[in-house]
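*Asks:* Next up, target05.cif (mmCIF, C-alpha atoms).
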```
data_work
loop_
_atom_site.group_PDB
_atom_site.id
_atom_site.type_symbol
_atom_site.label_atom_id
_atom_site.label_comp_id
_atom_site.auth_asym_id
_atom_site.auth_seq_id
_atom_site.Cartn_x
_atom_site.Cartn_y
_atom_site.Cartn_z
ATOM 1 C CA MET Y 26 -23.036 -52.616 66.937
ATOM 2 C CA ASP Y 27 -22.611 -53.823 63.334
ATOM 3 C CA ASP Y 28 -24.028 -52.649 59.986
ATOM 4 C CA PRO Y 29 -27.294 -54.672 60.142
ATOM 5 C CA GLU Y 30 -27.990 -53.181 63.573
ATOM 6 C CA LEU Y 31 -27.461 -49.685 62.217
ATOM 7 C CA GLU Y 32 -29.782 -50.499 59.316
ATOM 8 C CA ARG Y 33 -32.440 -51.627 61.829
ATOM 9 C CA GLU Y 34 -32.120 -48.346 63.715
ATOM 10 C CA PHE Y 35 -32.596 -46.367 60.521
ATOM 11 C CA SER Y 36 -35.520 -48.481 59.333
ATOM 12 C CA ILE Y 37 -37.365 -47.859 62.638
ATOM 13 C CA ALA Y 38 -36.744 -44.121 62.252
ATOM 14 C CA ARG Y 39 -37.929 -44.358 58.642
ATOM 15 C CA ARG Y 40 -41.217 -46.051 59.537
ATOM 16 C CA GLU Y 41 -41.935 -43.444 62.191
ATOM 17 C CA ALA Y 42 -40.977 -40.513 59.969
ATOM 18 C CA GLN Y 43 -43.240 -41.664 57.134
ATOM 19 C CA ARG Y 44 -46.261 -41.357 59.398
ATOM 20 C CA ARG Y 45 -45.421 -37.697 60.015
ATOM 21 C CA THR Y 46 -44.818 -36.702 56.392
ATOM 22 C CA PRO Y 47 -47.120 -33.902 55.199
ATOM 23 C CA GLU Y 48 -49.404 -34.797 52.304
ATOM 24 C CA PHE Y 49 -47.897 -34.568 48.850
ATOM 25 C CA ALA Y 50 -51.048 -33.067 47.285
ATOM 26 C CA ARG Y 51 -51.072 -30.184 49.777
ATOM 27 C CA MET Y 52 -47.381 -29.306 49.264
ATOM 28 C CA TRP Y 53 -47.539 -29.727 45.480
ATOM 29 C CA GLY Y 54 -50.664 -27.577 45.277
ATOM 30 C CA GLU Y 55 -49.051 -24.864 47.399
ATOM 31 C CA ALA Y 56 -45.935 -24.997 45.191
ATOM 32 C CA GLY Y 57 -48.188 -24.552 42.144
ATOM 33 C CA ARG Y 58 -49.807 -21.464 43.689
ATOM 34 C CA ILE Y 59 -46.383 -19.956 44.562
ATOM 35 C CA SER Y 60 -45.067 -20.684 41.081
ATOM 36 C CA ALA Y 61 -48.115 -19.126 39.408
ATOM 37 C CA GLY Y 62 -47.866 -16.068 41.685
ATOM 38 C CA SER Y 63 -44.212 -15.426 40.870
ATOM 39 C CA GLY Y 64 -44.734 -15.631 37.123
ATOM 40 C CA GLY Y 65 -43.294 -19.135 36.893
ATOM 41 C CA ARG Y 66 -41.997 -20.379 33.553
ATOM 42 C CA SER Y 67 -43.551 -17.509 31.535
ATOM 43 C CA ALA Y 68 -41.443 -14.941 33.393
ATOM 44 C CA ARG Y 69 -38.197 -16.752 32.609
ATOM 45 C CA PRO Y 70 -37.787 -15.655 28.945
ATOM 46 C CA ILE Y 71 -38.610 -12.050 29.916
ATOM 47 C CA ARG Y 72 -35.955 -12.101 32.621
ATOM 48 C CA LEU Y 73 -33.437 -13.623 30.202
ATOM 49 C CA ALA Y 74 -34.231 -11.003 27.532
ATOM 50 C CA ALA Y 75 -33.879 -8.173 30.064
ATOM 51 C CA GLY Y 76 -30.521 -9.554 31.179
ATOM 52 C CA ALA Y 77 -29.286 -9.869 27.589
ATOM 53 C CA ALA Y 78 -30.411 -6.287 26.802
ATOM 54 C CA ALA Y 79 -28.571 -4.963 29.862
ATOM 55 C CA ILE Y 80 -25.362 -6.790 28.877
ATOM 56 C CA LEU Y 81 -25.666 -5.454 25.295
ATOM 57 C CA ALA Y 82 -26.164 -1.872 26.530
ATOM 58 C CA VAL Y 83 -23.112 -2.077 28.799
ATOM 59 C CA THR Y 84 -21.008 -3.522 25.945
ATOM 60 C CA MET Y 85 -22.100 -0.771 23.526
ATOM 61 C CA ALA Y 86 -21.363 1.955 26.065
ATOM 62 C CA GLY Y 87 -17.933 0.446 26.671
ATOM 63 C CA LEU Y 88 -17.167 0.351 22.938
ATOM 64 C CA LEU Y 89 -18.243 3.969 22.440
ATOM 65 C CA LEU Y 90 -16.090 5.147 25.320
ATOM 66 C CA TRP Y 91 -13.154 3.147 24.022
ATOM 67 C CA ASN Y 92 -13.448 4.685 20.528
ATOM 68 C CA GLY Y 93 -13.719 8.206 21.921
ATOM 69 C CA ARG Y 94 -10.598 7.686 23.951
ATOM 70 C CA GLY Y 95 -8.754 6.464 20.814
ATOM 71 C CA THR Y 96 -9.516 9.727 18.887
ATOM 72 C CA ARG Y 97 -8.264 11.923 21.693
ATOM 73 C CA THR Y 98 -4.943 10.126 21.806
ATOM 74 C CA SER Y 99 -4.106 10.248 18.054
ATOM 75 C CA PRO Y 100 -0.385 11.110 17.319
ATOM 76 C CA ARG Y 101 -1.231 14.526 15.868
ATOM 77 C CA ALA Y 102 -3.339 15.567 18.816
ATOM 78 C CA ALA Y 103 -0.627 14.347 21.170
ATOM 79 C CA ALA Y 104 2.047 16.430 19.365
ATOM 80 C CA GLU Y 105 -0.135 19.544 19.492
ATOM 81 C CA ALA Y 106 -0.763 19.075 23.154
ATOM 82 C CA GLU Y 107 2.958 18.667 23.793
ATOM 83 C CA ALA Y 108 3.809 21.886 21.891
ATOM 84 C CA THR Y 109 1.243 23.852 23.843
ATOM 85 C CA ILE Y 110 2.666 22.619 27.109
ATOM 86 C CA THR Y 111 6.308 23.524 26.262
ATOM 87 C CA SER Y 112 5.473 27.095 25.087
ATOM 88 C CA TRP Y 113 3.181 27.852 27.942
ATOM 89 C CA LYS Y 114 4.096 30.802 30.138
ATOM 90 C CA ALA Y 115 2.655 31.381 33.545
ATOM 91 C CA PRO Y 116 0.823 34.748 33.860
ATOM 92 C CA THR Y 117 2.643 35.450 37.165
ATOM 93 C CA ASP Y 118 6.146 35.068 35.715
ATOM 94 C CA PHE Y 119 6.684 38.912 35.750
ATOM 95 C CA LEU Y 120 6.649 38.829 39.559
ATOM 96 C CA LEU Y 121 9.942 36.952 39.494
ATOM 97 C CA GLU Y 122 11.626 39.694 37.386
ATOM 98 C CA THR Y 123 13.114 41.759 40.288
ATOM 99 C CA PRO Y 124 15.365 44.846 39.762
ATOM 100 C CA GLY Y 125 18.984 43.870 39.063
ATOM 101 C CA ILE Y 126 17.988 40.427 37.853
ATOM 102 C CA GLU Y 127 20.539 40.839 34.995
ATOM 103 C CA ILE Y 128 23.394 40.444 37.538
ATOM 104 C CA LEU Y 129 22.186 36.910 38.132
ATOM 105 C CA THR Y 130 21.807 36.084 34.468
ATOM 106 C CA THR Y 131 24.961 37.760 32.925
ATOM 107 C CA LEU Y 132 28.679 37.247 33.387
ATOM 108 C CA PRO Y 133 30.393 40.413 34.843
ATOM 109 C CA ALA Y 134 32.991 41.948 32.422
ATOM 110 C CA ILE Y 135 36.344 43.210 33.817
ATOM 111 C CA GLY Y 136 36.890 45.697 30.950
ATOM 112 C CA PRO Y 137 40.140 47.341 29.562
ATOM 113 C CA ALA Y 138 42.975 48.117 32.000
ATOM 114 C CA PRO Y 139 43.572 51.916 32.841
ATOM 115 C CA PRO Y 140 46.726 53.554 31.193
ATOM 116 C CA PHE Y 141 49.975 53.131 33.102
ATOM 117 C CA PRO Y 142 51.179 56.592 34.506
ATOM 118 C CA SER Y 143 54.307 58.041 32.688
ATOM 119 C CA ALA Y 144 57.464 59.493 34.453
ATOM 120 C CA GLU Y 145 56.320 63.046 33.719
ATOM 121 C CA ASP Y 146 53.023 62.531 35.366
ATOM 122 C CA THR Y 147 54.822 61.097 38.400
ATOM 123 C CA SER Y 148 57.162 64.207 38.791
ATOM 124 C CA ASN Y 149 54.227 66.617 38.458
ATOM 125 C CA GLU Y 150 52.405 64.840 41.191
ATOM 126 C CA ALA Y 151 55.496 65.018 43.478
ATOM 127 C CA SER Y 152 55.991 68.853 42.959
ATOM 128 C CA HIS Y 153 52.357 69.436 43.612
ATOM 129 C CA VAL Y 154 52.549 67.601 46.931
ATOM 130 C CA ASN Y 155 55.620 69.581 47.935
ATOM 131 C CA MET F 22 -40.206 -36.965 31.143
ATOM 132 C CA ASN F 23 -43.711 -35.574 30.719
ATOM 133 C CA PRO F 24 -45.332 -33.511 33.509
ATOM 134 C CA GLY F 25 -47.763 -36.291 34.472
ATOM 135 C CA ASP F 26 -44.999 -38.863 34.886
ATOM 136 C CA MET F 27 -42.925 -36.385 36.831
ATOM 137 C CA THR F 28 -45.755 -35.604 39.235
ATOM 138 C CA SER F 29 -46.425 -39.276 39.930
ATOM 139 C CA GLU F 30 -42.700 -39.923 40.395
ATOM 140 C CA LEU F 31 -42.464 -37.010 42.826
ATOM 141 C CA GLU F 32 -45.477 -38.330 44.714
ATOM 142 C CA ARG F 33 -43.899 -41.771 44.968
ATOM 143 C CA LEU F 34 -40.669 -40.283 46.365
ATOM 144 C CA HIS F 35 -42.390 -37.647 48.512
ATOM 145 C CA ALA F 36 -41.878 -39.282 51.941
ATOM 146 C CA ASP F 37 -38.204 -40.029 51.239
ATOM 147 C CA ALA F 38 -37.681 -36.558 49.813
ATOM 148 C CA TYR F 39 -39.226 -35.048 52.934
ATOM 149 C CA ALA F 40 -36.967 -37.150 55.188
ATOM 150 C CA TRP F 41 -33.932 -36.044 53.153
ATOM 151 C CA ALA F 42 -34.992 -32.391 53.367
ATOM 152 C CA LEU F 43 -35.285 -32.800 57.169
ATOM 153 C CA ALA F 44 -31.833 -34.403 57.345
ATOM 154 C CA CYS F 45 -30.394 -31.468 55.361
ATOM 155 C CA CYS F 46 -31.927 -29.066 57.918
ATOM 156 C CA ARG F 47 -30.890 -30.925 61.074
ATOM 157 C CA TRP F 48 -34.442 -32.255 61.509
ATOM 158 C CA ASP F 49 -36.024 -28.845 61.850
ATOM 159 C CA ARG F 50 -39.518 -29.623 60.540
ATOM 160 C CA GLU F 51 -40.348 -26.055 59.568
ATOM 161 C CA GLU F 52 -37.128 -25.599 57.605
ATOM 162 C CA GLY F 53 -37.349 -29.031 56.018
ATOM 163 C CA THR F 54 -40.908 -28.387 54.836
ATOM 164 C CA GLU F 55 -39.864 -25.032 53.374
ATOM 165 C CA VAL F 56 -36.899 -26.597 51.567
ATOM 166 C CA LEU F 57 -39.047 -29.306 49.995
ATOM 167 C CA GLN F 58 -41.713 -26.759 49.067
ATOM 168 C CA THR F 59 -39.073 -24.563 47.397
ATOM 169 C CA THR F 60 -37.758 -27.624 45.543
ATOM 170 C CA TYR F 61 -41.240 -28.307 44.153
ATOM 171 C CA VAL F 62 -41.548 -24.644 43.107
ATOM 172 C CA LYS F 63 -38.193 -24.920 41.293
ATOM 173 C CA VAL F 64 -39.435 -28.022 39.467
ATOM 174 C CA LEU F 65 -42.648 -26.253 38.428
ATOM 175 C CA ASP F 66 -40.794 -23.059 37.383
ATOM 176 C CA GLY F 67 -38.327 -25.019 35.296
ATOM 177 C CA ARG F 68 -35.411 -23.732 37.401
ATOM 178 C CA ALA F 69 -34.678 -27.392 38.224
ATOM 179 C CA ARG F 70 -34.969 -29.574 35.154
ATOM 180 C CA PHE F 71 -34.414 -33.326 34.980
ATOM 181 C CA GLU F 72 -32.216 -34.114 31.986
ATOM 182 C CA GLY F 73 -31.766 -37.830 32.555
ATOM 183 C CA ARG F 74 -28.052 -37.664 33.394
ATOM 184 C CA SER F 75 -28.696 -39.653 36.600
ATOM 185 C CA SER F 76 -31.635 -41.473 38.137
ATOM 186 C CA PHE F 77 -34.655 -39.295 38.924
ATOM 187 C CA ARG F 78 -34.191 -39.891 42.651
ATOM 188 C CA THR F 79 -30.505 -38.860 42.593
ATOM 189 C CA TRP F 80 -31.428 -35.701 40.677
ATOM 190 C CA LEU F 81 -34.311 -34.814 43.046
ATOM 191 C CA PHE F 82 -32.172 -35.374 46.118
ATOM 192 C CA SER F 83 -29.373 -33.196 44.760
ATOM 193 C CA VAL F 84 -31.885 -30.394 44.058
ATOM 194 C CA ILE F 85 -33.132 -30.677 47.664
ATOM 195 C CA PHE F 86 -29.539 -30.647 48.941
ATOM 196 C CA ARG F 87 -28.668 -27.504 46.932
ATOM 197 C CA THR F 88 -31.897 -25.785 47.981
ATOM 198 C CA ALA F 89 -31.109 -26.457 51.655
ATOM 199 C CA ALA F 90 -27.568 -25.107 51.152
ATOM 200 C CA GLU F 91 -28.913 -21.931 49.488
ATOM 201 C CA ARG F 92 -31.339 -21.466 52.364
ATOM 202 C CA ARG F 93 -28.532 -21.831 54.925
ATOM 203 C CA ARG F 94 -26.441 -19.222 53.065
ATOM 204 C CA ARG F 95 -29.377 -16.818 52.987
ATOM 205 C CA LEU F 96 -29.932 -17.320 56.717
ATOM 206 C CA VAL F 97 -26.250 -16.623 57.425
ATOM 207 C CA VAL F 98 -26.355 -13.396 55.359
ATOM 208 C CA ARG F 99 -29.607 -12.320 57.041
ATOM 209 C CA SER F 100 -28.202 -13.055 60.480
ATOM 210 C CA LEU F 101 -25.030 -11.063 59.690
ATOM 211 C CA ARG F 102 -27.117 -8.136 58.431
ATOM 212 C CA SER F 103 -29.224 -8.219 61.604
ATOM 213 C CA HIS F 104 -26.088 -8.378 63.686
ATOM 214 C CA TRP F 105 -24.571 -5.364 61.917
ATOM 215 C CA SER F 106 -27.716 -3.286 62.043
ATOM 216 C CA ARG F 107 -28.270 -4.385 65.680
ATOM 217 C CA ASN F 108 -31.990 -3.874 65.506
ATOM 218 C CA GLY F 109 -33.250 -7.022 63.841
ATOM 219 C CA HIS F 110 -33.774 -10.586 64.932
ATOM 220 C CA VAL F 111 -30.584 -12.625 64.904
ATOM 221 C CA ALA F 112 -31.315 -16.117 63.664
ATOM 222 C CA GLY F 113 -29.720 -18.694 65.921
ATOM 223 C CA PRO F 114 -28.831 -22.272 65.108
ATOM 224 C CA PRO F 115 -31.770 -24.571 64.359
ATOM 225 C CA SER F 116 -33.268 -25.745 67.618
ATOM 226 C CA GLU F 117 -35.186 -28.824 68.592
ATOM 227 C CA THR F 118 -38.840 -27.900 68.419
ATOM 228 C CA PRO F 119 -41.272 -29.558 70.838
ATOM 229 C CA GLU F 120 -42.833 -31.242 67.838
ATOM 230 C CA THR F 121 -39.503 -32.739 66.851
ATOM 231 C CA LEU F 122 -38.742 -33.863 70.366
ATOM 232 C CA LEU F 123 -42.095 -35.473 71.035
ATOM 233 C CA ALA F 124 -42.377 -37.163 67.691
ATOM 234 C CA GLY F 125 -41.159 -40.742 67.368
ATOM 235 C CA SER F 126 -40.007 -43.309 69.837
ATOM 236 C CA GLU F 127 -37.167 -42.928 72.297
ATOM 237 C CA ARG F 128 -35.069 -45.161 70.056
ATOM 238 C CA SER F 129 -35.405 -43.026 66.937
ATOM 239 C CA ARG F 130 -34.840 -39.877 68.982
ATOM 240 C CA ASP F 131 -31.578 -41.402 70.230
ATOM 241 C CA LEU F 132 -30.581 -41.973 66.627
ATOM 242 C CA THR F 133 -31.473 -38.391 65.653
ATOM 243 C CA ARG F 134 -29.540 -36.977 68.612
ATOM 244 C CA ALA F 135 -26.506 -39.101 67.768
ATOM 245 C CA LEU F 136 -26.670 -38.058 64.109
ATOM 246 C CA ARG F 137 -26.828 -34.412 65.123
ATOM 247 C CA ARG F 138 -23.477 -34.805 66.847
ATOM 248 C CA LEU F 139 -21.771 -35.927 63.652
ATOM 249 C CA SER F 140 -20.345 -33.545 61.060
ATOM 250 C CA ALA F 141 -22.846 -32.404 58.424
ATOM 251 C CA ARG F 142 -21.135 -34.413 55.689
ATOM 252 C CA GLN F 143 -21.010 -37.632 57.737
ATOM 253 C CA ARG F 144 -24.663 -37.198 58.690
ATOM 254 C CA GLU F 145 -25.676 -36.645 55.067
ATOM 255 C CA VAL F 146 -23.759 -39.649 53.747
ATOM 256 C CA LEU F 147 -25.098 -41.950 56.482
ATOM 257 C CA HIS F 148 -28.662 -40.772 55.910
ATOM 258 C CA LEU F 149 -28.435 -41.403 52.181
ATOM 259 C CA VAL F 150 -26.863 -44.843 52.614
ATOM 260 C CA PHE F 151 -28.792 -46.241 55.594
ATOM 261 C CA TYR F 152 -32.084 -44.367 55.493
ATOM 262 C CA GLN F 153 -32.499 -43.914 51.750
ATOM 263 C CA GLU F 154 -30.695 -47.182 50.951
ATOM 264 C CA MET F 155 -28.489 -45.589 48.318
ATOM 265 C CA SER F 156 -25.033 -46.831 47.414
ATOM 266 C CA VAL F 157 -22.074 -44.710 48.541
ATOM 267 C CA GLU F 158 -21.538 -43.823 44.879
ATOM 268 C CA GLU F 159 -25.106 -42.506 44.507
ATOM 269 C CA ALA F 160 -24.666 -40.560 47.756
ATOM 270 C CA SER F 161 -21.503 -38.953 46.375
ATOM 271 C CA LYS F 162 -23.445 -37.844 43.260
ATOM 272 C CA VAL F 163 -26.234 -36.316 45.346
ATOM 273 C CA LEU F 164 -23.733 -34.400 47.492
ATOM 274 C CA GLY F 165 -21.480 -33.461 44.567
ATOM 275 C CA ILE F 166 -18.345 -34.940 46.175
ATOM 276 C CA THR F 167 -15.867 -37.563 45.009
ATOM 277 C CA LEU F 168 -16.473 -41.224 45.695
ATOM 278 C CA GLY F 169 -13.296 -41.393 47.798
ATOM 279 C CA SER F 170 -14.430 -38.507 49.968
ATOM 280 C CA ALA F 171 -17.897 -40.056 50.380
ATOM 281 C CA ARG F 172 -16.338 -43.377 51.441
ATOM 282 C CA THR F 173 -14.169 -41.623 54.040
ATOM 283 C CA HIS F 174 -17.169 -39.755 55.494
ATOM 284 C CA TYR F 175 -19.188 -42.986 55.455
ATOM 285 C CA GLU F 176 -16.579 -45.006 57.375
ATOM 286 C CA ARG F 177 -15.779 -42.298 59.904
ATOM 287 C CA GLY F 178 -19.437 -41.416 60.382
ATOM 288 C CA LYS F 179 -20.386 -45.046 60.939
ATOM 289 C CA ARG F 180 -17.649 -45.454 63.553
ATOM 290 C CA SER F 181 -18.718 -42.311 65.415
ATOM 291 C CA LEU F 182 -22.418 -43.212 65.227
ATOM 292 C CA ARG F 183 -21.807 -46.684 66.649
ATOM 293 C CA ARG F 184 -19.806 -45.209 69.503
ATOM 294 C CA LEU F 185 -22.443 -42.572 70.287
ATOM 295 C CA LEU F 186 -25.340 -45.048 70.219
ATOM 296 C CA THR F 187 -23.461 -47.564 72.384
ATOM 297 C CA GLU F 188 -22.542 -44.871 74.932
ATOM 298 C CA ARG F 189 -26.157 -43.729 75.141
ATOM 299 C CA ARG F 190 -27.480 -47.218 75.725
ATOM 300 C CA ASP F 191 -24.871 -48.276 78.318
#
```
Step by step, read the file and then write its structure as structure tokens.

*Replies:*
Amino acid sequence: MDDPELEREFSIARREAQRRTPEFARMWGEAGRISAGSGGRSARPIRLAAGAAAILAVTMAGLLLWNGRGTRTSPRAAAEAEATITSWKAPTDFLLETPGIEILTTLPAIGPAPPFPSAEDTSNEASHVN
Amino acid sequence: MNPGDMTSELERLHADAYAWALACCRWDREEGTEVLQTTYVKVLDGRARFEGRSSFRTWLFSVIFRTAAERRRRLVVRSLRSHWSRNGHVAGPPSETPETLLAGSERSRDLTRALRRLSARQREVLHLVFYQEMSVEEASKVLGITLGSARTHYERGKRSLRRLLTERRD
């Protein structure tokens, strides 16, 4: 089967299909009714304007949020926030202050050595024992 | 192009446009009619506008092709939704309606059946070239593919179609 044969097959199908094609006027008329019902061309600018307004609103909201965030993170505000955090003391800290806590936080001192006993003291002690 | 000229041009191409819409919908008459109807609505709404970048026929056929593709996507989404919700109608693949089967001679039905067995792209290229008598280049513009790709589909599709028609007749 060569190209001309294929063309013949398609031309037969084409002739038969053309007899079964619905009328143009009917389909075009129906399309006109559908188009008029859905607003057609007149609704297009309204839809475009609504879309543009929505995009503008979202952009504005984004800009406002962005600016607000910029004020909160100024260097001065950041420094103040940092100072507050470092000096903060938990209200339950006193519960950790148990009796004798100073033993854990101070270095124990040995203190001065006691006086060495003299020879007299030693003889007294011996007579007393006897 | 003024509205009057456009309407008469559409009327002149109506039968071919209908055949192309059918080919884009695997010869399902109901779907093909709906696709062509939607195309006409798009033209009237101004959603599809001819700007003279190609011939009027190439432009119209590409609008029909895109409309059929949109419809297929919508059907897929609807069928998935029905499947997930499990309480709706699941749309199956397009079937041969009695009207489609009874219409035409045995010979043209053989051709339709053989074309159905080709890939969508091969079927579309062959329809545009043999049925609509377009060049392969015009067909590539309608389908939005490269000329090289259209040529490949054309050659492979022709080979497969010949084989299928010969098998059926032997």

*Asks:* Excluding F:Leu43 and its own-chain neighbours fewer than 2 positions away, which residues fall within 12 Å of it when counting all atoms listed in the file? Please give them as a VMD selection string.

*Replies:* (chain Y and resid 39 42 to 43 45 to 46) or (chain F and resid 36 to 41 45 to 58 82 85 to 86 89 115 121 133 137 144 to 145 148)

*Asks:* Counting all atoms listed in the file, which residues of chain F come no farther than 7 Å from chain Y, as an MDAnalysis selection string?

*Replies:* chainID F and resid 32 35:36 39 58 61:62 65:67 125 129 151:152 183

*Asks:* Using atom CA of Y:Ala86 and atom CA of Y:Glu105 as the two end points, give the distance in Å to one decimal.

*Replies:*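 Atom CA of Y:Glu105 lies at a distance of 28.3 Å from atom CA of Y:Ala86.
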
*Asks:* If I take atom CA of Y:Thr109 and atom CA of Y:Asn92, how far is one from the other in Å, to one decimal?

*Replies:* 24.4 Å

*Asks:* If I take atom CA of F:Gly178 and atom CA of F:Leu31, how far is one from the other in Å, to one decimal?

*Replies:*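 According to the coordinates, atom CA of F:Gly178 and atom CA of F:Leu31 are separated by 29.3 Å.
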
*Asks:* Of the candidates F:Ala42, F:Val64, F:Ser140, F:Arg99, which shows the shortest atom-to-atom distance to F:Thr28, using all atoms listed in the file?

*Replies:*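 That would be F:Val64, the residue with the smallest distance to F:Thr28.
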
*Asks:* Using all atoms listed in the file and a cutoff of 6 Å, can you tell me which residues are near (-21.3, -41.8, 49.5) in the file's coordinates, and write them out as a list in words?

*Replies:*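 Checking each residue against the 6 Å limit leaves Val146, Val157, Glu158, Ala160, Ser161, Ala171 and Arg172 of chain F.
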
*Asks:* Kindly save the residues from that selection, with C-alpha atoms included, as a PDB file, in the coordinates of the input.

*Replies:*
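Result file out-v2.pdb:
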```
ATOM      1  CA  VAL F 146     -23.759 -39.649  53.747  1.00  0.00           C
ATOM      2  CA  VAL F 157     -22.074 -44.710  48.541  1.00  0.00           C
ATOM      3  CA  GLU F 158     -21.538 -43.823  44.879  1.00  0.00           C
ATOM      4  CA  ALA F 160     -24.666 -40.560  47.756  1.00  0.00           C
ATOM      5  CA  SER F 161     -21.503 -38.953  46.375  1.00  0.00           C
ATOM      6  CA  ALA F 171     -17.897 -40.056  50.380  1.00  0.00           C
ATOM      7  CA  ARG F 172     -16.338 -43.377  51.441  1.00  0.00           C
TER       8      ARG F 172
END
```

*Asks:* Put a box with edges along x, y and z around all the listed atoms of stretch 144-155 of chain F, pad it by 3 Å on each side, then give me its centre and sizes in Å, one decimal, as JSON.

*Replies:*
```
{"center_x": -28.1, "center_y": -41.9, "center_z": 53.5, "size_x": 14.7, "size_y": 16.5, "size_z": 16.4}
```

*Asks:* Would you please work out which residue, of F:Arg138, F:Glu154, F:Ser75, F:Leu168, is nearest to F:Ser181 when using only C-alpha atoms?

*Replies:* F:Arg138

*Asks:* For a quick check of your reading of the model, name the residues lying within 12 Å of the coordinate (-25.3, -28.3, 46.6), counting only C-alpha atoms, and write them as a compact mmCIF listing (two decimals) with C-alpha atoms, keeping the file's coordinate frame.

*Replies:*
```txt
# COMPACT_ATOMS: atom_id res chain seq x y z
CA CYS F 45 -30.39 -31.47 55.36
CA TRP F 80 -31.43 -35.70 40.68
CA LEU F 81 -34.31 -34.81 43.05
CA PHE F 82 -32.17 -35.37 46.12
CA SER F 83 -29.37 -33.20 44.76
CA VAL F 84 -31.88 -30.39 44.06
CA ILE F 85 -33.13 -30.68 47.66
CA PHE F 86 -29.54 -30.65 48.94
CA ARG F 87 -28.67 -27.50 46.93
CA THR F 88 -31.90 -25.78 47.98
CA ALA F 89 -31.11 -26.46 51.66
CA ALA F 90 -27.57 -25.11 51.15
CA GLU F 91 -28.91 -21.93 49.49
CA ARG F 92 -31.34 -21.47 52.36
CA ARG F 93 -28.53 -21.83 54.92
CA ARG F 94 -26.44 -19.22 53.06
CA ARG F 142 -21.14 -34.41 55.69
CA GLU F 145 -25.68 -36.65 55.07
CA SER F 161 -21.50 -38.95 46.38
CA LYS F 162 -23.44 -37.84 43.26
CA VAL F 163 -26.23 -36.32 45.35
CA LEU F 164 -23.73 -34.40 47.49
CA GLY F 165 -21.48 -33.46 44.57
CA ILE F 166 -18.34 -34.94 46.18
```

*Asks:* Which residue out of F:Lys179, F:Leu132, F:Ser103, F:Glu159 has the minimum interatomic distance to F:Ser76 when only C-alpha atoms are used?

*Replies:* F:Glu159

*Asks:* Please rebuild stretch 101-111 of chain Y with N, CA, C and O atoms and return the result as a CSV table (one decimal), keeping the file's coordinate frame.

*Replies:*
```
chain,number,residue,atom,x,y,z
Y,101,ARG,N,-1.2,13.1,16.2
Y,101,ARG,CA,-1.2,14.5,15.9
Y,101,ARG,C,-1.7,15.3,17.1
Y,101,ARG,O,-1.1,16.3,17.5
Y,102,ALA,N,-2.8,14.9,17.6
Y,102,ALA,CA,-3.3,15.6,18.8
Y,102,ALA,C,-2.3,15.6,20.0
Y,102,ALA,O,-2.2,16.5,20.7
Y,103,ALA,N,-1.6,14.4,20.1
Y,103,ALA,CA,-0.6,14.3,21.2
Y,103,ALA,C,0.5,15.3,21.0
Y,103,ALA,O,1.0,16.0,21.9
Y,104,ALA,N,1.0,15.5,19.7
Y,104,ALA,CA,2.0,16.4,19.4
Y,104,ALA,C,1.6,17.9,19.6
Y,104,ALA,O,2.4,18.7,20.2
Y,105,GLU,N,0.4,18.2,19.3
Y,105,GLU,CA,-0.1,19.5,19.5
Y,105,GLU,C,-0.2,19.9,21.0
Y,105,GLU,O,0.2,20.9,21.4
Y,106,ALA,N,-0.6,18.9,21.7
Y,106,ALA,CA,-0.8,19.1,23.2
Y,106,ALA,C,0.6,19.3,23.8
Y,106,ALA,O,0.8,20.2,24.6
Y,107,GLU,N,1.6,18.5,23.3
Y,107,GLU,CA,3.0,18.7,23.8
Y,107,GLU,C,3.5,20.1,23.5
Y,107,GLU,O,4.1,20.7,24.4
Y,108,ALA,N,3.3,20.6,22.3
Y,108,ALA,CA,3.8,21.9,21.9
Y,108,ALA,C,3.2,23.0,22.8
Y,108,ALA,O,3.9,23.9,23.2
Y,109,THR,N,1.9,22.9,23.0
Y,109,THR,CA,1.2,23.9,23.8
Y,109,THR,C,1.8,23.9,25.3
Y,109,THR,O,2.0,24.9,25.8
Y,110,ILE,N,2.1,22.7,25.7
Y,110,ILE,CA,2.7,22.6,27.1
Y,110,ILE,C,4.1,23.2,27.2
Y,110,ILE,O,4.4,24.0,28.1
Y,111,THR,N,4.9,23.0,26.2
Y,111,THR,CA,6.3,23.5,26.3
Y,111,THR,C,6.4,25.0,26.1
Y,111,THR,O,7.3,25.7,26.6
```
